[in-house]
Amino acid sequence: MKKSTILSLATAIAVVGTSAFTFAVWDQLDATNTGTLSLASPVKLSSANPVTYTTADNTLSTDAPTYSSDVTFEVNDVTTKAITSLEITNVKVYEKDDTEKIDLANDFTISIKGATGNEGVTQTGVTATDSSVEKENKYTIELTPKDDNHAGKDLSVDVMAKIQ
Amino acid sequence: MRSIKRFISTIFMIEFIFCLVTIVYFPDKVAKITGYRLYTVMTDSMEPTIPTFSLVLTKLIPEDVEIAPNTIVTFQANRFGDDILLTHYFRETQIGNDGNLYYRTQAEGKDFYDNYETKRSDILGTYVYHIPFLGKVFLFLKSTFGFILYGELLVIYLVNRLIQQRWEEKEKLVKGTA
């Protein structure tokens, strides 16, 4: 075989090889990855039906009675998200018929405790943090009037919570 | 005789490169001169009739020319704020709520029309022919890697020329000493 023929063949192979390689590298840069996305339901925090605050103290005394009730917050649709805590962000007391819901919480001593079986609740003012969050989280809210300003009135108590 | 052959092949090579460069890099100018334009199909909206990455040859048509229904047309559209070119079936004309005449287009295998409000002025031309996969080669040639390839080919050409020149010089030397 003539050496010019060998050179032509070598050149042709180099051209084809280089073109194919460069094209392949370019083509690799343009990859597509198809994944599956399953949207999870949002985490829901809910509370059961309205509760009634009652007192067991029927004795005649100068001390004001303490009214208490258990409040339950349910955490639903938790799948993979780690929930670190449930915070009682506020306890608001207002007159039942007050559309403006003027807060009377300052007239009460408010206690927030974990109900039986729900330990690890720390209260700070009218807020509390529960560091062990379950599906059902039960708290005992106690209200003691500081004076008799609201004696004989029907009051509403809003307990607000959020998960973190 | 050998030099004539070389001259002709050089002329053909230059012409080929010129045509390729013009078609790839100046398609609008080619379209103005020839009345035809090449497009690369980027989506599967016309598969299997026109596969993805096909190179489509479109015949540009003046605005006053009527288009028969079920013709494959290339038209301009606005998708999410971007001006794009599409090659779909033209199905029928409809009068819109604003009283304008709209050309309803449809992708292959879909039982609904496109949402684009295509006017006659948006339709650039009608489909003539397509070559599968060649559009991807055009995209490659236009890319940065295409320019890298040109450089590589130039190096191969120069190496080839260098070897040939060395051989010619050697032959001359051998002839001179003989």
# chains A, B, ... in the order shown; residues from 1 in each chain; ligands from 1
$ residues_around --residues "A:Trp26" --least-positions-apart "5" --cutoff "9 Å" --atoms "only C-alpha atoms" --output "list in words"
Phe21 of chain A; Phe140, Ser143, Thr144, Phe145 and Gly146 of chain B
$ residues_around --residues "B:Ala68" --least-positions-apart "6" --cutoff "9 Å" --atoms "only C-alpha atoms" --output "list in words"
Phe90, Arg91 and Glu92 of chain B
$ write_last_selection --atoms "N, CA and C atoms" --output "mmCIF file, in the first residue's frame"
data_model
loop_
_atom_site.group_PDB
_atom_site.id
_atom_site.type_symbol
_atom_site.label_atom_id
_atom_site.label_comp_id
_atom_site.auth_asym_id
_atom_site.auth_seq_id
_atom_site.Cartn_x
_atom_site.Cartn_y
_atom_site.Cartn_z
ATOM 1 N N PHE B 90 -51.938 22.470 10.910
ATOM 2 C CA PHE B 90 -52.961 23.517 10.896
ATOM 3 C C PHE B 90 -54.280 22.803 10.618
ATOM 4 N N ARG B 91 -55.271 22.974 11.515
ATOM 5 C CA ARG B 91 -56.532 22.235 11.368
ATOM 6 C C ARG B 91 -57.650 23.063 10.755
ATOM 7 N N GLU B 92 -57.891 24.233 11.347
ATOM 8 C CA GLU B 92 -59.000 25.048 10.827
ATOM 9 C C GLU B 92 -58.851 26.488 11.314
#
$ interface_residues --of "chain B" --to "chain A" --cutoff "8 Å" --atoms "only C-alpha atoms" --output "list of chain:residue names"
B:Phe140, B:Phe145, B:Gly146, B:Ile148, B:Leu149, B:Glu152, B:Leu153, B:Ile156, B:Tyr157, B:Asn160, B:Gln164
$ write_last_selection --atoms "N, CA and C atoms" --output "PDB file, in the first residue's frame"
ATOM      1  N   PHE B 140     -25.237  20.675  17.268  1.00  0.00           N
ATOM      2  CA  PHE B 140     -23.859  20.425  17.689  1.00  0.00           C
ATOM      3  C   PHE B 140     -22.902  21.384  16.987  1.00  0.00           C
ATOM      4  N   PHE B 145     -18.884  23.153  21.353  1.00  0.00           N
ATOM      5  CA  PHE B 145     -18.163  21.933  20.973  1.00  0.00           C
ATOM      6  C   PHE B 145     -18.013  21.835  19.451  1.00  0.00           C
ATOM      7  N   GLY B 146     -18.955  22.422  18.720  1.00  0.00           N
ATOM      8  CA  GLY B 146     -18.828  22.473  17.264  1.00  0.00           C
ATOM      9  C   GLY B 146     -17.579  23.251  16.883  1.00  0.00           C
ATOM     10  N   ILE B 148     -14.990  23.699  18.772  1.00  0.00           N
ATOM     11  CA  ILE B 148     -13.820  22.892  19.180  1.00  0.00           C
ATOM     12  C   ILE B 148     -13.496  21.879  18.074  1.00  0.00           C
ATOM     13  N   LEU B 149     -14.561  21.290  17.506  1.00  0.00           N
ATOM     14  CA  LEU B 149     -14.352  20.315  16.425  1.00  0.00           C
ATOM     15  C   LEU B 149     -13.649  20.968  15.228  1.00  0.00           C
ATOM     16  N   GLU B 152     -10.109  21.098  15.945  1.00  0.00           N
ATOM     17  CA  GLU B 152      -9.505  19.757  15.843  1.00  0.00           C
ATOM     18  C   GLU B 152      -9.288  19.373  14.381  1.00  0.00           C
ATOM     19  N   LEU B 153     -10.290  19.659  13.549  1.00  0.00           N
ATOM     20  CA  LEU B 153     -10.168  19.316  12.120  1.00  0.00           C
ATOM     21  C   LEU B 153      -9.041  20.118  11.466  1.00  0.00           C
ATOM     22  N   ILE B 156      -5.799  18.464  12.352  1.00  0.00           N
ATOM     23  CA  ILE B 156      -5.605  17.240  11.543  1.00  0.00           C
ATOM     24  C   ILE B 156      -5.171  17.611  10.120  1.00  0.00           C
ATOM     25  N   TYR B 157      -5.834  18.627   9.566  1.00  0.00           N
ATOM     26  CA  TYR B 157      -5.487  19.079   8.202  1.00  0.00           C
ATOM     27  C   TYR B 157      -4.033  19.563   8.150  1.00  0.00           C
ATOM     28  N   ASN B 160      -1.632  16.690   8.358  1.00  0.00           N
ATOM     29  CA  ASN B 160      -1.633  16.012   7.054  1.00  0.00           C
ATOM     30  C   ASN B 160      -0.763  16.757   6.045  1.00  0.00           C
ATOM     31  N   GLN B 164       2.826  15.572   4.250  1.00  0.00           N
ATOM     32  CA  GLN B 164       2.939  15.547   2.784  1.00  0.00           C
ATOM     33  C   GLN B 164       4.103  16.410   2.301  1.00  0.00           C
TER      34      GLN B 164
END
$ residues_around --residues "B:Asn78" --least-positions-apart "3" --cutoff "12 Å" --atoms "only C-alpha atoms" --output "PyMOL selection string"
chain B and resi 75+81-86+114-119+122
$ atom_distance --atom1 "atom CA of A:Gly152" --atom2 "atom CA of A:Glu95"
11.0 Å
$ residues_around --residues "B:Thr43" --least-positions-apart "2" --cutoff "10 Å" --atoms "only C-alpha atoms" --output "list in words"
Thr40, Val41, Ser45, Met46, Glu47, Ile50, Pro51, Thr52, Phe53, Ser54, Leu86 and Thr87 of chain B
$ closest_residue --among "B:Pro27, B:Gly135, B:Gly99, B:Pro62" --to "B:Ser121" --atoms "only C-alpha atoms"
B:Pro62
$ atom_distance --atom1 "atom CA of A:Leu86" --atom2 "atom CA of A:Leu45"
9.6 Å
$ select_by_dssp --residues "chain A" --states "helix (DSSP H, G or I)" --output "list of chain:residue names"
A:Lys3, A:Ser4, A:Thr5, A:Ile6, A:Leu7, A:Ser8, A:Leu9, A:Ala10, A:Thr11, A:Ala12, A:Ile13, A:Ala14, A:Val15, A:Val16, A:Gly17, A:Thr18, A:Ser19, A:Ala20, A:Phe21, A:Thr22, A:Phe23, A:Ala24, A:Val25, A:Trp26, A:Asp27, A:Gln28, A:Ala105, A:Asn106, A:Asp107
$ write_last_selection --atoms "N, CA and C atoms" --output "CSV table (one decimal), in the first residue's frame"
chain,number,residue,atom,x,y,z
A,3,LYS,N,2.3,4.9,0.7
A,3,LYS,CA,2.3,5.6,2.0
A,3,LYS,C,1.3,6.8,1.9
A,4,SER,N,1.0,7.4,0.7
A,4,SER,CA,0.0,8.5,0.6
A,4,SER,C,-1.4,7.9,0.9
A,5,THR,N,-1.6,6.7,0.5
A,5,THR,CA,-2.9,6.1,0.8
A,5,THR,C,-3.1,5.8,2.3
A,6,ILE,N,-2.0,5.4,2.9
A,6,ILE,CA,-2.0,5.2,4.4
A,6,ILE,C,-2.3,6.5,5.1
A,7,LEU,N,-1.7,7.6,4.6
A,7,LEU,CA,-1.9,8.9,5.2
A,7,LEU,C,-3.3,9.3,5.1
A,8,SER,N,-3.9,9.1,3.8
A,8,SER,CA,-5.3,9.5,3.6
A,8,SER,C,-6.2,8.7,4.5
A,9,LEU,N,-5.9,7.4,4.7
A,9,LEU,CA,-6.8,6.6,5.5
A,9,LEU,C,-6.7,7.1,7.0
A,10,ALA,N,-5.4,7.3,7.4
A,10,ALA,CA,-5.2,7.8,8.8
A,10,ALA,C,-5.9,9.1,9.0
A,11,THR,N,-5.8,10.0,8.1
A,11,THR,CA,-6.5,11.3,8.2
A,11,THR,C,-8.0,11.1,8.3
A,12,ALA,N,-8.6,10.2,7.4
A,12,ALA,CA,-10.0,10.0,7.5
A,12,ALA,C,-10.4,9.4,8.8
A,13,ILE,N,-9.6,8.5,9.3
A,13,ILE,CA,-10.0,7.9,10.6
A,13,ILE,C,-9.9,8.9,11.7
A,14,ALA,N,-8.9,9.8,11.6
A,14,ALA,CA,-8.7,10.8,12.6
A,14,ALA,C,-9.9,11.8,12.6
A,15,VAL,N,-10.4,12.1,11.4
A,15,VAL,CA,-11.5,13.1,11.2
A,15,VAL,C,-12.8,12.5,11.8
A,16,VAL,N,-13.0,11.2,11.4
A,16,VAL,CA,-14.3,10.6,11.9
A,16,VAL,C,-14.2,10.3,13.4
A,17,GLY,N,-13.1,9.9,13.8
A,17,GLY,CA,-12.9,9.6,15.3
A,17,GLY,C,-13.1,10.8,16.1
A,18,THR,N,-12.4,11.9,15.7
A,18,THR,CA,-12.5,13.2,16.5
A,18,THR,C,-13.9,13.7,16.5
A,19,SER,N,-14.5,13.7,15.3
A,19,SER,CA,-15.9,14.2,15.2
A,19,SER,C,-16.8,13.4,16.1
A,20,ALA,N,-16.7,12.1,16.0
A,20,ALA,CA,-17.6,11.2,16.8
A,20,ALA,C,-17.4,11.5,18.3
A,21,PHE,N,-16.1,11.6,18.7
A,21,PHE,CA,-15.8,11.8,20.1
A,21,PHE,C,-16.3,13.1,20.6
A,22,THR,N,-16.0,14.2,19.8
A,22,THR,CA,-16.5,15.5,20.2
A,22,THR,C,-18.0,15.6,20.3
A,23,PHE,N,-18.7,14.9,19.4
A,23,PHE,CA,-20.1,14.9,19.4
A,23,PHE,C,-20.6,14.2,20.6
A,24,ALA,N,-20.0,13.0,20.9
A,24,ALA,CA,-20.4,12.2,22.0
A,24,ALA,C,-20.3,13.0,23.3
A,25,VAL,N,-19.2,13.7,23.4
A,25,VAL,CA,-18.9,14.5,24.7
A,25,VAL,C,-20.0,15.6,24.8
A,26,TRP,N,-20.3,16.3,23.7
A,26,TRP,CA,-21.3,17.3,23.7
A,26,TRP,C,-22.7,16.7,24.0
A,27,ASP,N,-23.0,15.6,23.5
A,27,ASP,CA,-24.3,14.9,23.7
A,27,ASP,C,-24.4,14.5,25.2
A,28,GLN,N,-23.3,14.1,25.8
A,28,GLN,CA,-23.4,13.7,27.2
A,28,GLN,C,-23.7,14.9,28.1
A,105,ALA,N,-56.6,38.0,79.6
A,105,ALA,CA,-55.7,37.0,80.2
A,105,ALA,C,-54.9,37.5,81.4
A,106,ASN,N,-54.6,38.8,81.4
A,106,ASN,CA,-53.8,39.4,82.5
A,106,ASN,C,-54.6,39.4,83.8
A,107,ASP,N,-55.9,39.2,83.7
A,107,ASP,CA,-56.7,39.1,85.0
A,107,ASP,C,-56.7,37.7,85.6
$ select_by_dssp --residues "stretch 78-154 of chain B" --states "strand (DSSP E or B)" --output "JSON, numbers by chain"
{"B": [78, 79, 82, 83, 84, 85, 86, 87, 88, 89, 90, 91, 92, 93, 94, 95, 101, 102, 103, 104, 105, 106, 118, 123, 124, 125, 126, 127, 128, 129, 130, 131]}
$ write_last_selection --atoms "C-alpha atoms" --output "JSON list (two decimals), in the first residue's frame"
[["chain", "number", "residue", "atom", "x", "y", "z"],
["B", 78, "ASN", "CA", -45.45, 32.81, 22.55],
["B", 79, "ARG", "CA", -44.97, 30.26, 25.29],
["B", 82, "ASP", "CA", -40.76, 33.24, 25.11],
["B", 83, "ASP", "CA", -41.07, 33.52, 21.35],
["B", 84, "ILE", "CA", -40.70, 30.04, 19.92],
["B", 85, "LEU", "CA", -41.12, 28.31, 16.56],
["B", 86, "LEU", "CA", -43.32, 25.25, 16.28],
["B", 87, "THR", "CA", -44.13, 22.80, 13.51],
["B", 88, "HIS", "CA", -47.65, 21.44, 14.00],
["B", 89, "TYR", "CA", -50.76, 20.64, 11.96],
["B", 90, "PHE", "CA", -52.96, 23.52, 10.90],
["B", 91, "ARG", "CA", -56.53, 22.24, 11.37],
["B", 92, "GLU", "CA", -59.00, 25.05, 10.83],
["B", 93, "THR", "CA", -59.62, 28.75, 11.17],
["B", 94, "GLN", "CA", -61.84, 30.16, 13.90],
["B", 95, "ILE", "CA", -63.14, 33.61, 14.68],
["B", 101, "LEU", "CA", -59.34, 35.17, 12.55],
["B", 102, "TYR", "CA", -57.20, 32.55, 14.29],
["B", 103, "TYR", "CA", -55.50, 29.54, 12.80],
["B", 104, "ARG", "CA", -55.94, 26.59, 15.14],
["B", 105, "THR", "CA", -52.99, 24.26, 15.25],
["B", 106, "GLN", "CA", -52.64, 20.81, 16.75],
["B", 118, "THR", "CA", -52.02, 31.92, 15.90],
["B", 123, "ILE", "CA", -47.34, 31.16, 10.07],
["B", 124, "LEU", "CA", -43.99, 31.18, 8.34],
["B", 125, "GLY", "CA", -44.24, 28.27, 5.98],
["B", 126, "THR", "CA", -45.31, 24.77, 5.21],
["B", 127, "TYR", "CA", -43.47, 21.56, 5.90],
["B", 128, "VAL", "CA", -41.71, 19.99, 2.94],
["B", 129, "TYR", "CA", -39.42, 17.27, 4.22],
["B", 130, "HIS", "CA", -37.49, 16.15, 7.24],
["B", 131, "ILE", "CA", -34.32, 14.20, 7.90]]
$ residues_around --residues "B:Ile23" --least-positions-apart "6" --cutoff "12 Å" --atoms "only C-alpha atoms" --output "list in words"
Phe16, Ile17, Lys29, Val30, Ala31, Lys32, Ile33, Thr34, Tyr36, Arg37, Leu38, Tyr39, Leu55, Leu57, Gly135, Phe138, Leu139, Leu141 and Lys142 of chain B
$ write_last_selection --atoms "C-alpha atoms" --output "JSON list (two decimals), in the first residue's frame"
[["chain", "number", "residue", "atom", "x", "y", "z"],
["B", 16, "PHE", "CA", -19.21, 22.51, 0.52],
["B", 17, "ILE", "CA", -17.78, 24.33, 3.53],
["B", 29, "LYS", "CA", -30.09, 34.78, 4.61],
["B", 30, "VAL", "CA", -30.38, 31.37, 2.97],
["B", 31, "ALA", "CA", -34.15, 31.51, 3.43],
["B", 32, "LYS", "CA", -34.32, 34.94, 1.77],
["B", 33, "ILE", "CA", -32.43, 33.69, -1.26],
["B", 34, "THR", "CA", -33.91, 30.21, -1.63],
["B", 36, "TYR", "CA", -36.72, 27.57, 2.15],
["B", 37, "ARG", "CA", -35.58, 27.38, 5.76],
["B", 38, "LEU", "CA", -34.26, 24.59, 7.94],
["B", 39, "TYR", "CA", -35.47, 24.06, 11.50],
["B", 55, "LEU", "CA", -34.07, 18.66, 10.53],
["B", 57, "LEU", "CA", -37.22, 21.79, 5.56],
["B", 135, "GLY", "CA", -31.10, 18.56, 13.47],
["B", 138, "PHE", "CA", -26.81, 21.14, 13.31],
["B", 139, "LEU", "CA", -27.25, 21.98, 16.99],
["B", 141, "LEU", "CA", -22.17, 22.41, 14.93],
["B", 142, "LYS", "CA", -23.62, 25.63, 16.37]]
$ residues_around --residues "A:Ile163" --least-positions-apart "5" --cutoff "7 Å" --atoms "only C-alpha atoms" --output "list in words"
Ile83, Ser85, Leu86 and Glu87 of chain A
$ atom_distance --atom1 "atom CA of B:Ile163" --atom2 "atom CA of B:Thr177"
21.1 Å
$ closest_residue --among "B:Asp111, B:Val56, B:Cys19, B:Ile72" --to "B:Phe133" --atoms "only C-alpha atoms"
B:Val56
